[in-house]
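Peer 1: Got a structure for you, target-v1.cif, holding mmCIF, C-alpha atoms.
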```
data_start
loop_
_atom_site.label_atom_id
_atom_site.label_comp_id
_atom_site.auth_asym_id
_atom_site.auth_seq_id
_atom_site.Cartn_x
_atom_site.Cartn_y
_atom_site.Cartn_z
CA MET A 154 85.57 -3.74 -14.74
CA ASN A 155 87.13 -0.41 -15.61
CA LEU A 156 84.65 2.03 -17.12
CA ALA A 157 85.94 3.89 -20.14
CA PRO A 158 85.56 7.69 -20.23
CA GLY A 159 82.16 8.65 -21.59
CA ALA A 160 80.38 5.64 -20.06
CA THR A 161 77.11 6.29 -18.24
CA ILE A 162 76.67 5.76 -14.51
CA GLY A 163 73.12 5.30 -13.25
CA ILE A 164 72.20 6.91 -9.93
CA ILE A 165 69.07 5.95 -8.00
CA GLY A 166 67.91 9.00 -6.06
CA GLY A 167 67.97 12.63 -7.05
CA GLY A 168 68.81 14.53 -3.86
CA GLN A 169 71.91 16.47 -2.93
CA LEU A 170 74.08 13.37 -2.61
CA GLY A 171 73.12 12.27 -6.12
CA ARG A 172 73.89 15.81 -7.29
CA MET A 173 77.40 15.71 -5.86
CA LEU A 174 78.00 12.22 -7.25
CA ALA A 175 76.96 13.42 -10.72
CA MET A 176 79.33 16.38 -10.43
CA ALA A 177 82.20 14.09 -9.43
CA ALA A 178 81.40 11.69 -12.28
CA ALA A 179 81.50 14.55 -14.78
CA ARG A 180 84.96 15.57 -13.57
CA LEU A 181 86.17 12.03 -14.32
CA GLY A 182 84.64 12.09 -17.80
CA TYR A 183 81.48 10.06 -17.14
CA ARG A 184 77.89 10.73 -18.02
CA THR A 185 75.09 10.19 -15.48
CA ILE A 186 71.43 9.24 -15.57
CA VAL A 187 69.25 9.72 -12.49
CA LEU A 188 66.15 7.73 -11.51
CA GLU A 189 64.00 9.96 -9.29
CA PRO A 190 60.22 10.56 -9.12
CA GLN A 191 60.60 14.32 -8.50
CA ALA A 192 61.22 16.24 -11.71
CA ASP A 193 63.99 18.85 -11.71
CA CYS A 194 65.47 17.35 -8.58
CA PRO A 195 68.89 18.57 -7.36
CA ALA A 196 70.74 15.75 -9.11
CA ALA A 197 68.88 16.19 -12.40
CA GLN A 198 70.10 19.79 -12.60
CA VAL A 199 73.67 18.55 -13.18
CA ALA A 200 73.15 15.03 -14.60
CA ASN A 201 72.88 14.26 -18.32
CA ARG A 202 69.42 12.74 -18.07
CA GLN A 203 66.62 11.94 -15.64
CA ILE A 204 64.08 9.12 -15.63
CA VAL A 205 61.05 10.49 -13.76
CA ALA A 206 59.55 7.43 -12.10
CA ALA A 207 59.28 5.56 -8.82
CA TYR A 208 62.36 3.71 -7.61
CA ASP A 209 60.64 0.34 -8.03
CA ASP A 210 58.92 1.02 -11.36
CA PRO A 211 59.71 -2.04 -13.55
CA ALA A 212 59.80 -0.13 -16.85
CA ALA A 213 62.01 2.58 -15.35
CA LEU A 214 64.41 0.02 -13.87
CA ALA A 215 64.65 -1.71 -17.25
CA GLU A 216 65.35 1.63 -18.91
CA LEU A 217 68.01 2.47 -16.32
CA ALA A 218 69.71 -0.91 -16.79
CA VAL A 219 69.90 -0.51 -20.57
CA ALA A 220 71.23 3.06 -20.34
CA SER A 221 73.87 2.43 -17.63
CA ALA A 222 77.23 0.68 -17.55
CA VAL A 223 76.98 0.52 -13.74
CA VAL A 224 74.32 1.62 -11.23
CA THR A 225 74.77 3.12 -7.77
CA TYR A 226 72.48 4.93 -5.34
CA GLU A 227 72.49 7.96 -3.06
CA PHE A 228 70.27 6.79 -0.20
CA GLU A 229 69.87 3.61 1.79
CA ASN A 230 66.13 3.09 1.41
CA VAL A 231 66.30 1.96 -2.21
CA PRO A 232 64.02 -1.11 -2.43
CA VAL A 233 66.25 -4.18 -2.11
CA ALA A 234 64.17 -5.98 -4.75
CA ALA A 235 64.84 -3.14 -7.20
CA ALA A 236 68.60 -3.39 -6.64
CA GLU A 237 68.47 -7.17 -7.05
CA THR A 238 66.45 -6.84 -10.26
CA LEU A 239 68.96 -4.37 -11.70
CA ALA A 240 71.91 -6.55 -10.69
CA VAL A 241 70.71 -9.29 -13.04
CA HIS A 242 71.38 -6.96 -15.99
CA VAL A 243 74.03 -4.45 -14.86
CA PRO A 244 76.58 -4.22 -12.03
CA VAL A 245 75.08 -2.53 -8.94
CA TYR A 246 77.39 -1.04 -6.30
CA PRO A 247 77.22 -1.10 -3.31
CA PRO A 248 75.67 -4.59 -3.37
CA ALA A 249 72.05 -5.21 -2.44
CA ARG A 250 73.27 -7.05 0.67
CA ALA A 251 74.47 -3.72 2.10
CA LEU A 252 70.99 -2.25 1.63
CA GLU A 253 69.40 -5.27 3.30
CA VAL A 254 71.66 -4.92 6.36
CA ALA A 255 71.35 -1.14 6.72
CA GLN A 256 67.58 -0.88 6.23
CA ASP A 257 66.66 -2.72 9.44
CA ARG A 258 68.26 -1.67 12.72
CA VAL A 259 67.97 -5.11 14.27
CA THR A 260 69.57 -6.74 11.23
CA GLU A 261 72.25 -4.04 11.20
CA LYS A 262 73.23 -4.43 14.84
CA SER A 263 73.11 -8.22 14.64
CA PHE A 264 75.43 -8.06 11.63
CA LEU A 265 77.87 -5.76 13.44
CA ASN A 266 77.92 -7.90 16.57
CA GLY A 267 78.37 -10.98 14.40
CA ILE A 268 81.64 -9.65 12.96
CA GLY A 269 82.93 -8.60 16.36
CA ILE A 270 81.98 -4.90 16.36
CA PRO A 271 80.18 -3.87 19.56
CA THR A 272 77.02 -1.74 19.60
CA ALA A 273 74.61 -0.51 22.25
CA GLU A 274 72.49 -3.31 23.71
CA PHE A 275 69.18 -3.69 21.92
CA CYS A 276 65.86 -5.53 21.97
CA PRO A 277 63.35 -5.94 19.13
CA VAL A 278 59.95 -4.53 20.11
CA ASP A 279 56.83 -5.83 18.39
CA ASN A 280 54.23 -5.15 21.11
CA ASP A 281 53.75 -3.18 24.33
CA ASP A 282 54.64 -6.17 26.51
CA GLN A 283 58.00 -6.48 24.78
CA LEU A 284 58.59 -2.76 25.30
CA THR A 285 57.90 -3.14 29.02
CA LEU A 286 60.31 -6.08 29.27
CA ALA A 287 62.99 -4.26 27.27
CA LEU A 288 62.74 -1.14 29.44
CA LYS A 289 62.95 -3.30 32.53
CA LYS A 290 66.15 -4.84 31.12
CA PHE A 291 67.61 -1.35 30.53
CA ASN A 292 66.49 0.05 33.92
CA GLY A 293 63.69 2.18 32.52
CA SER A 294 65.82 4.02 29.95
CA GLY A 295 66.44 3.63 26.25
CA VAL A 296 65.91 4.98 22.77
CA LEU A 297 62.88 3.55 20.99
CA LYS A 298 63.30 3.68 17.22
CA THR A 299 61.53 2.44 14.15
CA ARG A 300 63.48 -0.49 12.74
CA ARG A 301 63.20 0.91 9.23
CA LEU A 302 63.14 4.28 7.42
CA GLY A 303 64.06 6.62 10.29
CA TYR A 304 66.59 9.39 9.57
CA ASP A 305 67.59 12.84 10.89
CA GLY A 306 66.05 12.05 14.27
CA LYS A 307 62.67 10.97 12.85
CA GLY A 308 60.96 7.87 14.23
CA GLN A 309 62.55 8.05 17.70
CA ARG A 310 61.44 8.41 21.30
CA VAL A 311 63.73 8.60 24.34
CA PHE A 312 62.85 7.09 27.73
CA ARG A 313 64.89 8.16 30.78
CA ASN A 314 64.60 6.56 34.22
CA MET A 315 60.92 5.81 33.82
CA GLU A 316 58.70 3.26 35.47
CA THR A 317 58.76 0.01 33.53
CA GLY A 318 55.03 -0.25 33.05
CA GLY A 319 52.17 1.71 31.55
CA PHE A 320 53.55 2.19 28.06
CA ALA A 321 50.38 1.17 26.27
CA GLY A 322 50.02 3.22 23.11
CA ALA A 323 53.73 3.82 22.53
CA ARG A 324 53.80 1.60 19.45
CA GLU A 325 50.60 3.13 18.13
CA ALA A 326 52.09 6.61 18.49
CA MET A 327 55.03 5.48 16.35
CA GLY A 328 52.87 4.03 13.61
CA ASN A 329 52.39 0.41 14.74
CA VAL A 330 55.57 -0.61 12.90
CA PRO A 331 58.37 -2.92 14.09
CA LEU A 332 60.56 -1.13 16.64
CA ILE A 333 63.87 -1.53 18.43
CA LEU A 334 64.79 -0.33 21.92
CA GLU A 335 68.46 0.55 22.27
CA SER A 336 70.11 1.09 25.63
CA LEU A 337 71.22 4.63 26.43
CA VAL A 338 74.97 5.04 25.95
CA ALA A 339 77.06 7.34 28.16
CA PHE A 340 79.28 8.52 25.35
CA GLU A 341 81.71 11.42 25.31
CA ARG A 342 81.35 12.30 21.64
CA GLU A 343 80.05 11.06 18.32
CA ILE A 344 82.37 10.43 15.40
CA SER A 345 82.02 9.02 11.92
CA VAL A 346 84.37 7.41 9.45
CA ILE A 347 84.00 7.66 5.70
CA ALA A 348 85.68 4.72 4.00
CA ALA A 349 85.74 3.15 0.56
CA ARG A 350 86.42 -0.27 -0.91
CA GLY A 351 87.37 -0.76 -4.54
CA GLN A 352 86.45 -3.61 -6.84
CA ASP A 353 89.93 -5.04 -6.25
CA GLY A 354 89.37 -5.15 -2.47
CA SER A 355 91.56 -2.14 -1.69
CA ILE A 356 90.35 0.05 1.17
CA ALA A 357 90.85 3.75 1.91
CA ALA A 358 89.52 5.45 5.06
CA TYR A 359 89.34 9.18 5.76
CA ASP A 360 90.16 10.58 9.18
CA PRO A 361 87.23 10.45 11.61
CA ALA A 362 85.02 13.53 11.95
CA GLU A 363 83.57 14.66 15.27
CA ASN A 364 79.87 15.33 14.82
CA ILE A 365 77.38 17.51 16.65
CA HIS A 366 73.66 16.94 16.11
CA ARG A 367 70.77 19.22 16.97
CA ASP A 368 67.17 17.97 16.94
CA GLY A 369 68.47 14.76 15.41
CA ILE A 370 70.04 16.55 12.42
CA LEU A 371 73.78 16.84 11.82
CA ARG A 372 74.92 20.43 12.35
CA THR A 373 78.71 20.30 12.27
CA SER A 374 81.54 17.90 11.51
CA THR A 375 84.99 18.85 12.83
CA ILE A 376 88.27 17.37 11.62
CA PRO A 377 90.36 16.27 13.40
CA ALA A 378 88.12 14.76 16.06
CA ALA A 379 89.24 15.16 19.69
CA ILE A 380 90.21 11.50 20.03
CA GLY A 381 93.47 9.63 20.52
CA PRO A 382 95.40 7.76 17.82
CA ASP A 383 94.26 4.37 19.13
CA THR A 384 90.62 5.38 18.72
CA VAL A 385 91.32 6.66 15.20
CA SER A 386 92.92 3.33 14.31
CA ALA A 387 90.09 1.33 15.88
CA ALA A 388 87.47 3.27 13.89
CA LYS A 389 89.30 2.72 10.60
CA GLU A 390 89.87 -0.95 11.37
CA ALA A 391 86.16 -1.43 12.13
CA ALA A 392 85.29 0.25 8.83
CA ALA A 393 87.62 -2.08 6.93
CA LYS A 394 86.09 -5.11 8.64
CA ILE A 395 82.56 -4.00 7.70
CA LEU A 396 83.48 -3.29 4.07
CA SER A 397 85.16 -6.66 3.66
CA ALA A 398 82.34 -8.60 5.36
CA LEU A 399 79.79 -7.07 2.98
CA GLY A 400 81.89 -7.53 -0.17
CA TYR A 401 81.31 -3.82 -0.51
CA VAL A 402 82.20 -1.56 -3.43
CA GLY A 403 81.88 2.20 -2.99
CA VAL A 404 81.86 4.66 -0.08
CA ILE A 405 80.24 3.95 3.28
CA GLY A 406 79.57 6.18 6.29
CA ILE A 407 79.81 4.61 9.76
CA GLU A 408 78.78 6.45 12.94
CA PHE A 409 80.32 5.59 16.31
CA PHE A 410 79.89 6.54 19.95
CA VAL A 411 83.21 7.23 21.71
CA LEU A 412 83.21 6.12 25.35
CA ALA A 413 85.23 7.65 28.20
CA ASP A 414 88.05 5.13 27.80
CA GLY A 415 88.34 5.81 24.06
CA SER A 416 86.62 2.59 23.03
CA LEU A 417 83.91 2.59 20.38
CA LEU A 418 80.34 1.42 19.90
CA ALA A 419 79.08 1.38 16.32
CA ASN A 420 75.81 3.26 16.02
CA GLU A 421 74.73 3.21 12.38
CA LEU A 422 75.78 2.30 8.85
CA ALA A 423 74.98 4.36 5.76
CA PRO A 424 75.77 2.43 2.55
CA ARG A 425 76.41 5.58 0.53
CA VAL A 426 78.29 8.85 0.63
CA HIS A 427 77.49 10.59 3.91
CA ASN A 428 76.67 14.07 5.19
CA SER A 429 79.53 13.93 7.69
CA GLY A 430 81.95 13.41 4.79
CA HIS A 431 81.09 16.60 2.92
CA TRP A 432 84.21 18.18 4.38
CA THR A 433 86.34 16.02 2.10
CA GLU A 434 85.53 18.14 -0.95
CA ALA A 435 87.24 21.14 0.70
CA ALA A 436 90.02 19.51 2.72
CA CYS A 437 91.15 16.57 0.55
CA VAL A 438 92.41 16.26 -3.01
CA VAL A 439 90.00 13.35 -3.56
CA SER A 440 86.53 13.91 -2.05
CA GLN A 441 84.22 11.15 -0.85
CA PHE A 442 82.16 11.73 -4.01
CA GLU A 443 85.07 11.21 -6.38
CA GLN A 444 86.17 8.25 -4.28
CA HIS A 445 82.76 6.63 -4.71
CA ILE A 446 82.79 7.15 -8.48
CA ARG A 447 86.32 5.76 -8.67
CA ALA A 448 85.22 2.66 -6.77
CA VAL A 449 82.08 1.88 -8.76
CA ALA A 450 83.88 2.62 -12.05
CA GLY A 451 86.68 0.19 -11.23
CA LEU A 452 89.35 2.90 -11.01
CA PRO A 453 92.13 3.01 -8.40
CA LEU A 454 91.05 4.58 -5.12
CA GLY A 455 92.51 8.00 -4.37
CA SER A 456 94.39 9.04 -1.25
CA PRO A 457 92.10 9.88 1.68
CA ALA A 458 94.74 12.19 3.20
CA ARG A 459 93.63 15.71 4.07
CA HIS A 460 95.65 18.85 3.43
CA SER A 461 93.68 20.97 5.90
CA ASP A 462 91.84 20.86 9.17
CA CYS A 463 88.26 22.03 8.85
CA VAL A 464 84.74 22.41 10.18
CA MET A 465 81.78 21.56 7.94
CA GLU A 466 78.39 23.02 8.84
CA ASN A 467 75.00 22.29 7.30
CA LEU A 468 72.74 25.07 6.08
CA ILE A 469 69.28 24.13 7.31
CA GLY A 470 66.09 26.03 6.52
CA ASP A 471 66.48 29.75 7.15
CA ASP A 472 70.26 29.36 7.47
CA MET A 473 70.17 30.30 3.79
CA LEU A 474 69.92 33.91 4.96
CA LYS A 475 73.60 33.61 5.97
CA VAL A 476 74.79 32.95 2.42
CA PRO A 477 75.85 36.51 1.46
CA ALA A 478 77.95 36.85 4.63
CA LEU A 479 79.46 33.41 4.18
CA LEU A 480 80.53 34.22 0.64
CA ALA A 481 82.54 37.14 2.00
CA GLU A 482 84.64 34.89 4.24
CA PRO A 483 88.13 33.82 3.16
CA GLY A 484 88.99 30.13 3.57
CA LEU A 485 85.37 29.04 3.18
CA MET A 486 83.87 26.70 0.57
CA LEU A 487 80.11 26.96 0.03
CA HIS A 488 77.97 24.31 -1.63
CA LEU A 489 74.25 24.87 -2.28
CA TYR A 490 71.98 22.06 -3.40
CA GLY A 491 69.67 23.77 -5.88
CA LYS A 492 66.53 23.24 -3.81
CA ALA A 493 63.83 25.76 -4.68
CA GLU A 494 62.04 25.81 -1.33
CA SER A 495 63.55 26.37 2.11
CA ARG A 496 61.72 24.61 4.96
CA PRO A 497 62.48 24.09 8.66
CA GLY A 498 64.74 21.05 9.04
CA ARG A 499 65.53 20.86 5.33
CA LYS A 500 69.19 20.68 4.32
CA MET A 501 69.74 23.42 1.75
CA GLY A 502 73.53 23.28 1.49
CA HIS A 503 76.68 23.23 3.55
CA PHE A 504 79.88 25.18 3.98
CA THR A 505 83.36 24.20 5.12
CA ARG A 506 85.88 26.46 6.83
CA ILE A 507 89.40 25.20 6.32
CA SER A 508 92.65 25.95 8.14
CA ARG A 509 95.96 24.66 6.81
CA ARG A 510 97.62 21.93 8.85
CA ILE A 511 100.90 22.97 10.45
#
```
Can I see the file as structure tokens?
Peer 2:
Amino acid sequence: MNLAPGATIGIIGGGQLGRMLAMAAARLGYRTIVLEPQADCPAAQVANRQIVAAYDDPAALAELAVASAVVTYEFENVPVAAAETLAVHVPVYPPARALEVAQDRVTEKSFLNGIGIPTAEFCPVDNDDQLTLALKKFNGSGVLKTRRLGYDGKGQRVFRNMETGGFAGAREAMGNVPLILESLVAFEREISVIAARGQDGSIAAYDPAENIHRDGILRTSTIPAAIGPDTVSAAKEAAAKILSALGYVGVIGIEFFVLADGSLLANELAPRVHNSGHWTEAACVVSQFEQHIRAVAGLPLGSPARHSDCVMENLIGDDMLKVPALLAEPGLMLHLYGKAESRPGRKMGHFTRISRRI
């Protein structure tokens, strides 16, 4: 399928990622329609139309299917049933299978291990006894996470060198939902790879970014990452393996831990464009957003090569006060998301400082 110019692409989700996808679609001559319950959301400000409804609203899904030549999404917590319902009537990319894998951390890590990609050790935790046994297995340390819906550091608790008993109430404190305990990893740095797979099976991977998080939220992504060429190749090869195993179409973000010997442990999949790939709009001819639109529209993938080194930094909450000074800097690209209210921990925009490669 190769979408003709003027066709409409449906986007589920109206946040900043949907906004940037709509902008990229417009540059390629496509119209966009956004399904999002919040009126005047960031994506709706630049899209051609918005359906204001819940993501699983049957009437809204039917309306989106009729209006769209293809449907994609900007976040990984789209109801799988909604994606499957849409796919009966209109192509949906990435496939619902990718959502199913990424929405549950146990399923995700089992999938990765099953295709030969190592992760941290993990144990499902459904009661306090299982938590005690899992901590005993990991010598009293680990990261306890909700299996579903956690992001930006939410839904996590870290245990370090603690006694392996007396954890009654831990599950209750985290909402009495299914949990996973992951072993602590002695990593040297965190990186991520943004990669895409086209409808024809072609794959393009951007250079890995080195990421720094603060309070569970991404602060900066630096390119190139301080890793060797073998690690770069291993990260891109893992991305290609994941994309192929899922029959994926579109852009994916994959986070890795880099160990002291340069080897990798996969940490997390994001079946969508990714915050750590925002640098591509400033340092590459084809950004991750255009790449995603190319893929879902059936167009040839663009080159992932970068023309510049760079550092991308998120603007979070009161960081918006820096905007006037940032605009005065040469070699800086600023992108604001059109959010009316600034709150602590809320991503309001990002900026990328570029330096030409020698």
Peer 1: Using all atoms listed in the file, find each residue of segment 355-415 of chain A with at least one atom at most 12 Å away from an atom of segment 254-262 of chain A; report its shortest atom-to-atom pair and that distance in Å (one decimal), sort the rows by chain and rising residue number, and return the result as a tab-separated table.
Peer 2:
```
residue	atom	partner	partner_atom	distance
A:Ile395	CA	A:Glu261	CA	10.9
A:Ala398	CA	A:Val254	CA	11.3
A:Leu399	CA	A:Val254	CA	9.1
A:Tyr401	CA	A:Val254	CA	11.9
A:Ile405	CA	A:Ala255	CA	10.8
A:Gly406	CA	A:Ala255	CA	11.0
A:Ile407	CA	A:Ala255	CA	10.7
```
Peer 1: Using the chain letters and residue numbers of this document, give as a list in words the residues selected by the PyMOL selection byres ((chain A and resi 356-372) around 7).
Peer 2: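 Here the PyMOL selection byres ((chain A and resi 356-372) around 7) matches Asp305, Gly306, Glu343, Ile344, Ser345, Val346, Ile347, Ala348, Ala349, Arg350, Gly351, Gly354, Ser355, Thr373, Ser374, Thr375, Ile376, Pro377, Ala378, Val385, Lys389, Ala393, Ser429, Pro457, Ala458, Glu466 and Asn467 of chain A.
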Peer 1: Using all atoms listed in the file, pick whichever of A:Phe264, A:Val278, A:Leu334, A:Gly451 has the shortest atom-to-atom distance to Gly295 of chain A.
Peer 2: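 Selected residue with least distance to Gly295 of chain A: A:Leu334.
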Peer 1: If I take atom CA of Ala206 of chain A and atom CA of Glu189 of chain A, how far is one from the other in Å, to one decimal?
Peer 2: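 Taking atom CA of Ala206 of chain A as the start and atom CA of Glu189 of chain A as the end point, the length is 5.8 Å.
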Peer 1: With the file shown as input, list the residues that the PyMOL selection byres ((chain A and resi 337) around 8) selects, as a list in words.
Peer 2: Ala273, Ser294, Gly295, Val296, Glu335, Ser336, Val338 and Ala339 of chain A
Peer 1: For a test of reading the model, state the distance in Å between atom CA of Leu239 of chain A and atom CA of Ala450 of chain A, rounded to one decimal.
Peer 2: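 Pair atom CA of Leu239 of chain A / atom CA of Ala450 of chain A returns 16.5 Å.
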Peer 1: What gap, in Å, lies between atom CA of Val245 of chain A and atom CA of Arg202 of chain A?
Peer 2: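 Between atom CA of Val245 of chain A and atom CA of Arg202 of chain A the gap is 18.7 Å.
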Peer 1: Enclose the full set of atoms of segment 493-497 of chain A listed in the file within a box whose edges lie along x, y and z, apply 6 Å of padding to each of the six sides, and report centre and edge lengths in Å to one decimal as AutoDock Vina command-line options.
Peer 2:
```
--center_x 62.8 --center_y 25.2 --center_z 2.0 --size_x 14.1 --size_y 14.3 --size_z 25.3
```
Peer 1: Skip segment 212-226 of chain A itself and residues of its chain fewer than 3 positions away, then list as an NGL selection string all residues within 7 Å of it, counting all atoms listed in the file.
Peer 2: :A and (160-166 or 204 or 206 or 209 or 239 or 242-247)
Peer 1: Keeping C-alpha atoms for every residue in the selection just given, could you write it to a file as a CSV table (one decimal), in the frame of the given file?
Peer 2:
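Done, and the output landed in out-v8.csv:
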```
chain,number,residue,atom,x,y,z
A,160,ALA,CA,80.4,5.6,-20.1
A,161,THR,CA,77.1,6.3,-18.2
A,162,ILE,CA,76.7,5.8,-14.5
A,163,GLY,CA,73.1,5.3,-13.2
A,164,ILE,CA,72.2,6.9,-9.9
A,165,ILE,CA,69.1,6.0,-8.0
A,166,GLY,CA,67.9,9.0,-6.1
A,204,ILE,CA,64.1,9.1,-15.6
A,206,ALA,CA,59.6,7.4,-12.1
A,209,ASP,CA,60.6,0.3,-8.0
A,239,LEU,CA,69.0,-4.4,-11.7
A,242,HIS,CA,71.4,-7.0,-16.0
A,243,VAL,CA,74.0,-4.4,-14.9
A,244,PRO,CA,76.6,-4.2,-12.0
A,245,VAL,CA,75.1,-2.5,-8.9
A,246,TYR,CA,77.4,-1.0,-6.3
A,247,PRO,CA,77.2,-1.1,-3.3
```
Peer 1: Rank nothing, just name the residue among A:Val311, A:Val402, A:Ala423, A:Ala481 nearest to Leu252 of chain A, using all atoms listed in the file.
Peer 2: A:Ala423
Peer 1: What would the selection look like, as a list in words, if the PyMOL selection byres ((chain A and resi 381) around 12) were run on the coordinates I just shared?
Peer 2: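 Given this file, the PyMOL selection byres ((chain A and resi 381) around 12) evaluates to Asp360, Pro361, Pro377, Ala378, Ala379, Ile380, Pro382, Asp383, Thr384, Val385, Ser386, Ala387, Ala388, Val411, Leu412, Ala413, Asp414, Gly415, Ser416 and Leu417 of chain A.
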Peer 1: Which one is closest to Ala249 of chain A: A:Gly269, A:Asp210, A:Asn314, A:Pro424? Count all atoms listed in the file.
Peer 2: A:Pro424
Peer 1: Using all atoms listed in the file for the distances, tell me which of A:Leu487, A:Val404, A:Leu181, A:Leu174 is nearest to Val199 of chain A.
Peer 2: A:Leu174
Peer 1: Find the residue from A:Pro248, A:Pro232, A:Gly470, A:Gly455 that sits nearest to Lys500 of chain A; use all atoms listed in the file when measuring.
Peer 2: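 Among the listed residues, the smallest separation from Lys500 of chain A belongs to A:Gly470.
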Peer 1: With all atoms listed in the file as the atoms that count, which of A:Thr238, A:Gln203, A:Asn329, A:Thr285 lies nearest to Lys298 of chain A?
Peer 2: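 Under the stated criterion, the closest residue is A:Asn329.
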Peer 1: Which residues come within 7 Å of Arg172 of chain A, counting only C-alpha atoms, excluding same-chain residues fewer than 5 positions away, as a PyMOL selection string?
Peer 2: chain A and resi 167+195-196+199
Peer 1: Using only C-alpha atoms, which residues sit within 7 Å of segment 433-444 of chain A once same-chain residues fewer than 5 positions away are excluded, as a VMD selection string?
Peer 2: chain A and resid 173 to 174 177 to 178 404 426 454 to 463 486 505 507
Peer 1: Those residues you just picked out, can you put them in a file as a compact mmCIF listing (two decimals), in the frame of the given file with C-alpha atoms?
Peer 2:
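Dumped everything to part_20.txt:
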```
# COMPACT_ATOMS: atom_id res chain seq x y z
CA MET A 173 77.40 15.71 -5.86
CA LEU A 174 78.00 12.22 -7.25
CA ALA A 177 82.20 14.09 -9.43
CA ALA A 178 81.40 11.69 -12.28
CA VAL A 404 81.86 4.66 -0.08
CA VAL A 426 78.29 8.85 0.63
CA LEU A 454 91.05 4.58 -5.12
CA GLY A 455 92.51 8.00 -4.37
CA SER A 456 94.39 9.04 -1.25
CA PRO A 457 92.10 9.88 1.68
CA ALA A 458 94.74 12.19 3.20
CA ARG A 459 93.63 15.71 4.07
CA HIS A 460 95.65 18.85 3.43
CA SER A 461 93.68 20.97 5.90
CA ASP A 462 91.84 20.86 9.17
CA CYS A 463 88.26 22.03 8.85
CA MET A 486 83.87 26.70 0.57
CA THR A 505 83.36 24.20 5.12
CA ILE A 507 89.40 25.20 6.32
```
